[in-house]
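Colleague: I'd like to ask some things about the structure below.
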Amino acid sequence: MSEAALLAPVLPDRRDEAYRYADLAALETVWPVATETIAVAAGESGALTLVPDGDTVARHLVITLAAGARFDLRLLNAGHTYGRIAVEVALGAGADFTLGAAQLGGGAQTLEVVTEVRHLEPGATSRQVVRTVLAGRATGTYLGKVAVARGADGTDAEQSVRAMLLDRTAQANARPELEIYADDVKCAHGCAVGELDAQGLFYLQSRGLPPAEAKRLMLQAFVAEAFTGAADEASLCDRALAALEALL
Amino acid sequence: MTTPLLCITDLHATVADKPILKGLSLTINPGEIHAIMGPNGAGKSTTGYVLGGRPGYEVTGGTVSFAGQDLLALEPHERAAAGLFLGFQYPVEIPGVSFVQFLREAANAQRRARGEAELSGGEFLKLAREKAALLKMDMDMLKRPVNVGFSGGEKKRAEMVQMGILDPKLAILDETDSGLDIDALRICGEGINAIMRRADKAVLLITHYQRLLDYVQPDFVHVLAGGRIVRSGGPELAHELERDGYEAVAA
């Protein structure tokens, strides 16, 4: 075996919780995944919109926010056989992190957003909104850990995770996780997997919208929640809509 | 002789395998306003939902023709495009979708289905503003998500605004009067008259009470009990019901 092969990180297996729902065969084709680091200096702001292209996508972002820094990350994970976006964030005192992610999958696609947000110092805030729409036999996963370090008092962390299944054969996994070693913290998480509201669909159809258009209208609103407040909200919503059309 | 707009013949329907409609027959001609009254559980709301095509409401017998078409063969959105409007007793909240966006798409979907030209953004807003004013509803409310945070009365007025915009041939209004205060009742009643009291349109009011009928004077009143119409008469029948109760009249 070459020296490079020996040094390359070993392909994870399913016993690794962070890869439990991964498409490991697809992951192997792009392994090892390079780490992309982003550091935001004290008091500065940054933003990134990620709409990766490609059949198999695996990204790994490591974001460090110094005291009072802010970062706004928006993800659209759609149209991949396998799409994995992993994000690690370390928050300094009073830093603020926003994640808005939408995943749209059909067929036998596997999509996942895996986050670990570490509140290391007091007074930092984080807010994650993840909306997933799945058709066919697609799998959509959100694994999100929020870790609050000892002494990181005044932490305010929120995770809002919702998935919509268009077919009973699709599968959504959602696992928000909290690990808290500080007092006086506020950590909220909401998590729901459901189907489109049948009453709402009938209401829209009774006004003349064909079923596919009624679904599109409701799903468009659902997905848009991930992009509320983004600088490029309108263009993200348009791109999400295009991905949505492909599912209906 | 006029061609009926709606002709229901011996309609039977079940909900969750339970028979609710058991031989309902009713004919409505253009220009007429009908009221169906009846006690709870008689099948009033089921009648509206069956005609609107709501999933889960199974027709097990009978026929319904609407404007010369077999209504029961049409999907809910096709019924709307054919000119049927169902006013909901409990209008549904749809977060994130604005009235303006939804109604413009609905109106244009109907127009496409009928082979008519679509409304431009400007044309639609003008129409929406006009109908909102008719129902004394602030246009800003129509920019909000569908029915979200609306009071009961606001929801019913919004239903009437939708009816005005969509301009149906036949409106089936399921307990439009429930949850309305006296002023809202009058505004809705006047709205129904302004939008629907025309020689080529008709209304089927589904209601428990006489009070809406004070504003929207019906030509015919029917008593629904046990899934069929047990008595029909003129507007005086509603007064008789109000005075003597359903039990006395339907017996």
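So you can find residues: chains in the structure tokens are A, B, ... in the order shown, residues in each start at 1, and ligands are numbered from 1 in order.
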Pick out the residues sitting within 8 Å of range 68-71 of chain B, and hand them over as a PyMOL selection string; count only C-alpha atoms, and ignore anything fewer than 6 positions along from it in its own chain.
Modeller: chain B and resi 5+51+79
Colleague: Using only C-alpha atoms and a distance of at most 6 Å, pull out the residues of chain A that contact chain B, as number ranges by chain.
Modeller: A: 200, 205-210, 221
Colleague: Would you export the selected residues with N, CA and C atoms as a PDB file, in the first residue's frame, please?
Modeller:
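As written to disk, again.pdb reads:
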ATOM      1  N   GLY A 200     -55.751  21.295   3.879  1.00  0.00           N
ATOM      2  CA  GLY A 200     -55.205  22.444   3.165  1.00  0.00           C
ATOM      3  C   GLY A 200     -55.176  22.190   1.666  1.00  0.00           C
ATOM      4  N   GLN A 205     -57.409  23.133  -3.762  1.00  0.00           N
ATOM      5  CA  GLN A 205     -57.968  22.530  -4.979  1.00  0.00           C
ATOM      6  C   GLN A 205     -59.396  22.984  -5.214  1.00  0.00           C
ATOM      7  N   SER A 206     -60.131  23.178  -4.127  1.00  0.00           N
ATOM      8  CA  SER A 206     -61.526  23.598  -4.281  1.00  0.00           C
ATOM      9  C   SER A 206     -61.610  25.002  -4.862  1.00  0.00           C
ATOM     10  N   ARG A 207     -60.499  25.725  -4.836  1.00  0.00           N
ATOM     11  CA  ARG A 207     -60.476  27.062  -5.436  1.00  0.00           C
ATOM     12  C   ARG A 207     -59.980  27.031  -6.880  1.00  0.00           C
ATOM     13  N   GLY A 208     -59.633  25.816  -7.347  1.00  0.00           N
ATOM     14  CA  GLY A 208     -59.277  25.690  -8.755  1.00  0.00           C
ATOM     15  C   GLY A 208     -57.841  25.302  -9.028  1.00  0.00           C
ATOM     16  N   LEU A 209     -57.026  25.128  -7.982  1.00  0.00           N
ATOM     17  CA  LEU A 209     -55.636  24.736  -8.235  1.00  0.00           C
ATOM     18  C   LEU A 209     -55.555  23.230  -8.470  1.00  0.00           C
ATOM     19  N   PRO A 210     -54.934  22.801  -9.580  1.00  0.00           N
ATOM     20  CA  PRO A 210     -54.717  21.369  -9.788  1.00  0.00           C
ATOM     21  C   PRO A 210     -53.850  20.822  -8.651  1.00  0.00           C
ATOM     22  N   ALA A 221     -43.849  27.188   0.454  1.00  0.00           N
ATOM     23  CA  ALA A 221     -43.921  27.957   1.701  1.00  0.00           C
ATOM     24  C   ALA A 221     -43.138  27.245   2.810  1.00  0.00           C
TER      25      ALA A 221
END
Colleague: Leaving out range 42-50 of chain A and any residue of its chain fewer than 3 positions from it, which residues lie within 7 Å of it when counting only C-alpha atoms, given as a PyMOL selection string?
Modeller: chain A and resi 66-76
Colleague: Which residues are near Glu247 in chain B? Cut-off 12 Å, only C-alpha atoms, ignore same chain within fewer than 5 positions. Put them as an MDAnalysis selection string.
Modeller: chainID B and resid 38:40 42 223:226 230 240:242
Colleague: From a backbone DSSP assignment, name each residue in range 7-244 of chain B labelled helix (DSSP H, G or I), as a count of residues only.
Modeller: 97
Colleague: Excluding same-chain residues fewer than 6 positions from Gly153 in chain B, what lies within 9 Å of it counting only C-alpha atoms, as a PyMOL selection string?
Modeller: chain B and resi 177-181+184-185
Colleague: Write out the residues from the selection above, keeping C-alpha atoms, as a short mmCIF file (atom, residue, chain, number, x, y, z; two decimals), in the first residue's frame.
Modeller:
data_model
loop_
_atom_site.label_atom_id
_atom_site.label_comp_id
_atom_site.auth_asym_id
_atom_site.auth_seq_id
_atom_site.Cartn_x
_atom_site.Cartn_y
_atom_site.Cartn_z
CA ASP B 177 -73.21 32.75 9.13
CA SER B 178 -71.62 30.79 11.98
CA GLY B 179 -69.13 32.75 14.03
CA LEU B 180 -70.25 36.09 12.67
CA ASP B 181 -71.26 39.09 14.74
CA ALA B 184 -70.20 40.90 9.83
CA LEU B 185 -73.40 38.95 9.16
#
Colleague: How many Å lie between CA of Ala152 in chain A and CA of Ala182 in chain A, rounded to one decimal?
Modeller: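 Distance reported for this atom pair: 5.7 Å.
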Colleague: Could you give me, as a ChimeraX atom specification, the residues within 9 Å of Asn77 in chain A, counting only C-alpha atoms and dropping anything in the same chain fewer than 3 positions from it?
Modeller: /A:50-53,80,83-85,101-105,111-113
Colleague: Name all residues at most 7 Å from Gly62 in chain B (count only C-alpha atoms; drop same-chain ones fewer than 5 positions away) and give them as a list in words.
Modeller: Thr9, Asp10, Leu11 and His12 of chain B
Colleague: Would you give me, as a PyMOL selection string, the residues in range 61-215 of chain B that DSSP reads as strand (DSSP E or B)?
Modeller: chain B and resi 61-66+69-70+84-87+94-98+145-146+170-174+202-207
Colleague: Given the selection you just returned, output its residues as a file containing N, CA and C atoms, formatted as a compact mmCIF listing (two decimals), in the first residue's frame.
Modeller:
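Final file, selection30.txt:
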# COMPACT_ATOMS: atom_id res chain seq x y z
N GLY B 61 -74.29 6.23 -4.65
CA GLY B 61 -75.43 6.12 -5.54
C GLY B 61 -75.94 7.48 -5.94
N GLY B 62 -76.66 7.52 -7.06
CA GLY B 62 -77.27 8.77 -7.51
C GLY B 62 -76.41 9.52 -8.50
N THR B 63 -76.93 10.63 -9.01
CA THR B 63 -76.21 11.42 -10.01
C THR B 63 -76.28 12.90 -9.65
N VAL B 64 -75.29 13.62 -10.12
CA VAL B 64 -75.29 15.08 -9.98
C VAL B 64 -74.84 15.68 -11.30
N SER B 65 -75.69 16.47 -11.93
CA SER B 65 -75.23 17.19 -13.12
C SER B 65 -75.11 18.66 -12.77
N PHE B 66 -74.07 19.27 -13.30
CA PHE B 66 -73.81 20.68 -13.03
C PHE B 66 -73.45 21.36 -14.34
N GLN B 69 -72.65 19.08 -17.07
CA GLN B 69 -71.58 18.08 -16.93
C GLN B 69 -71.90 17.12 -15.79
N ASP B 70 -71.29 15.94 -15.84
CA ASP B 70 -71.38 14.99 -14.73
C ASP B 70 -70.43 15.47 -13.64
N LEU B 84 -68.12 26.00 -9.83
CA LEU B 84 -68.63 25.67 -8.50
C LEU B 84 -67.73 26.30 -7.43
N PHE B 85 -68.34 26.92 -6.46
CA PHE B 85 -67.56 27.48 -5.34
C PHE B 85 -68.12 26.91 -4.05
N LEU B 86 -67.21 26.41 -3.21
CA LEU B 86 -67.62 25.89 -1.91
C LEU B 86 -67.09 26.82 -0.83
N GLY B 87 -68.00 27.47 -0.11
CA GLY B 87 -67.61 28.31 1.02
C GLY B 87 -67.51 27.43 2.25
N ILE B 94 -53.35 28.27 5.91
CA ILE B 94 -52.21 27.76 5.15
C ILE B 94 -51.01 28.68 5.37
N PRO B 95 -50.14 28.31 6.30
CA PRO B 95 -49.01 29.18 6.64
C PRO B 95 -48.09 29.39 5.44
N GLY B 96 -47.59 30.60 5.32
CA GLY B 96 -46.57 30.88 4.31
C GLY B 96 -47.08 31.16 2.91
N VAL B 97 -48.37 30.94 2.67
CA VAL B 97 -48.93 31.20 1.34
C VAL B 97 -49.88 32.39 1.46
N SER B 98 -49.60 33.45 0.74
CA SER B 98 -50.47 34.63 0.87
C SER B 98 -51.75 34.45 0.05
N PRO B 145 -50.72 35.47 5.10
CA PRO B 145 -50.92 34.05 4.79
C PRO B 145 -52.40 33.66 4.94
N VAL B 146 -52.82 32.73 4.10
CA VAL B 146 -54.22 32.34 3.99
C VAL B 146 -54.82 31.98 5.35
N LEU B 170 -72.22 28.79 -9.35
CA LEU B 170 -72.98 28.32 -8.20
C LEU B 170 -72.11 28.37 -6.95
N ALA B 171 -72.63 29.00 -5.91
CA ALA B 171 -71.91 29.02 -4.64
C ALA B 171 -72.66 28.16 -3.64
N ILE B 172 -71.94 27.20 -3.04
CA ILE B 172 -72.51 26.41 -1.95
C ILE B 172 -71.85 26.94 -0.69
N LEU B 173 -72.62 27.56 0.16
CA LEU B 173 -72.04 28.26 1.32
C LEU B 173 -72.42 27.53 2.60
N ASP B 174 -71.42 26.85 3.18
CA ASP B 174 -71.65 26.01 4.35
C ASP B 174 -71.52 26.84 5.62
N ALA B 202 -76.47 31.03 -9.15
CA ALA B 202 -77.35 30.49 -8.11
C ALA B 202 -76.54 30.27 -6.83
N VAL B 203 -77.29 30.17 -5.72
CA VAL B 203 -76.64 29.97 -4.41
C VAL B 203 -77.37 28.87 -3.67
N LEU B 204 -76.58 28.03 -2.99
CA LEU B 204 -77.15 27.07 -2.06
C LEU B 204 -76.59 27.41 -0.68
N LEU B 205 -77.44 27.93 0.18
CA LEU B 205 -77.02 28.29 1.53
C LEU B 205 -77.27 27.10 2.45
N ILE B 206 -76.26 26.73 3.21
CA ILE B 206 -76.44 25.68 4.21
C ILE B 206 -76.38 26.36 5.57
N THR B 207 -77.44 26.27 6.32
CA THR B 207 -77.46 27.05 7.57
C THR B 207 -78.35 26.42 8.63
Colleague: Let me make sure I understand: among A:His119, A:Arg150, A:Arg216, A:Arg168, which one has the smallest atom-to-atom distance to Glu195 in chain A if we use only C-alpha atoms?
Modeller: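 Among the listed residues, A:Arg168 lies closest to Glu195 in chain A.
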Colleague: Of the candidates A:Val33, A:Leu241, A:Leu61, A:Val133, which one gets nearest to Gly194 in chain A if we count only C-alpha atoms?
Modeller: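 For Gly194 in chain A, the nearest of the candidates is A:Val133.
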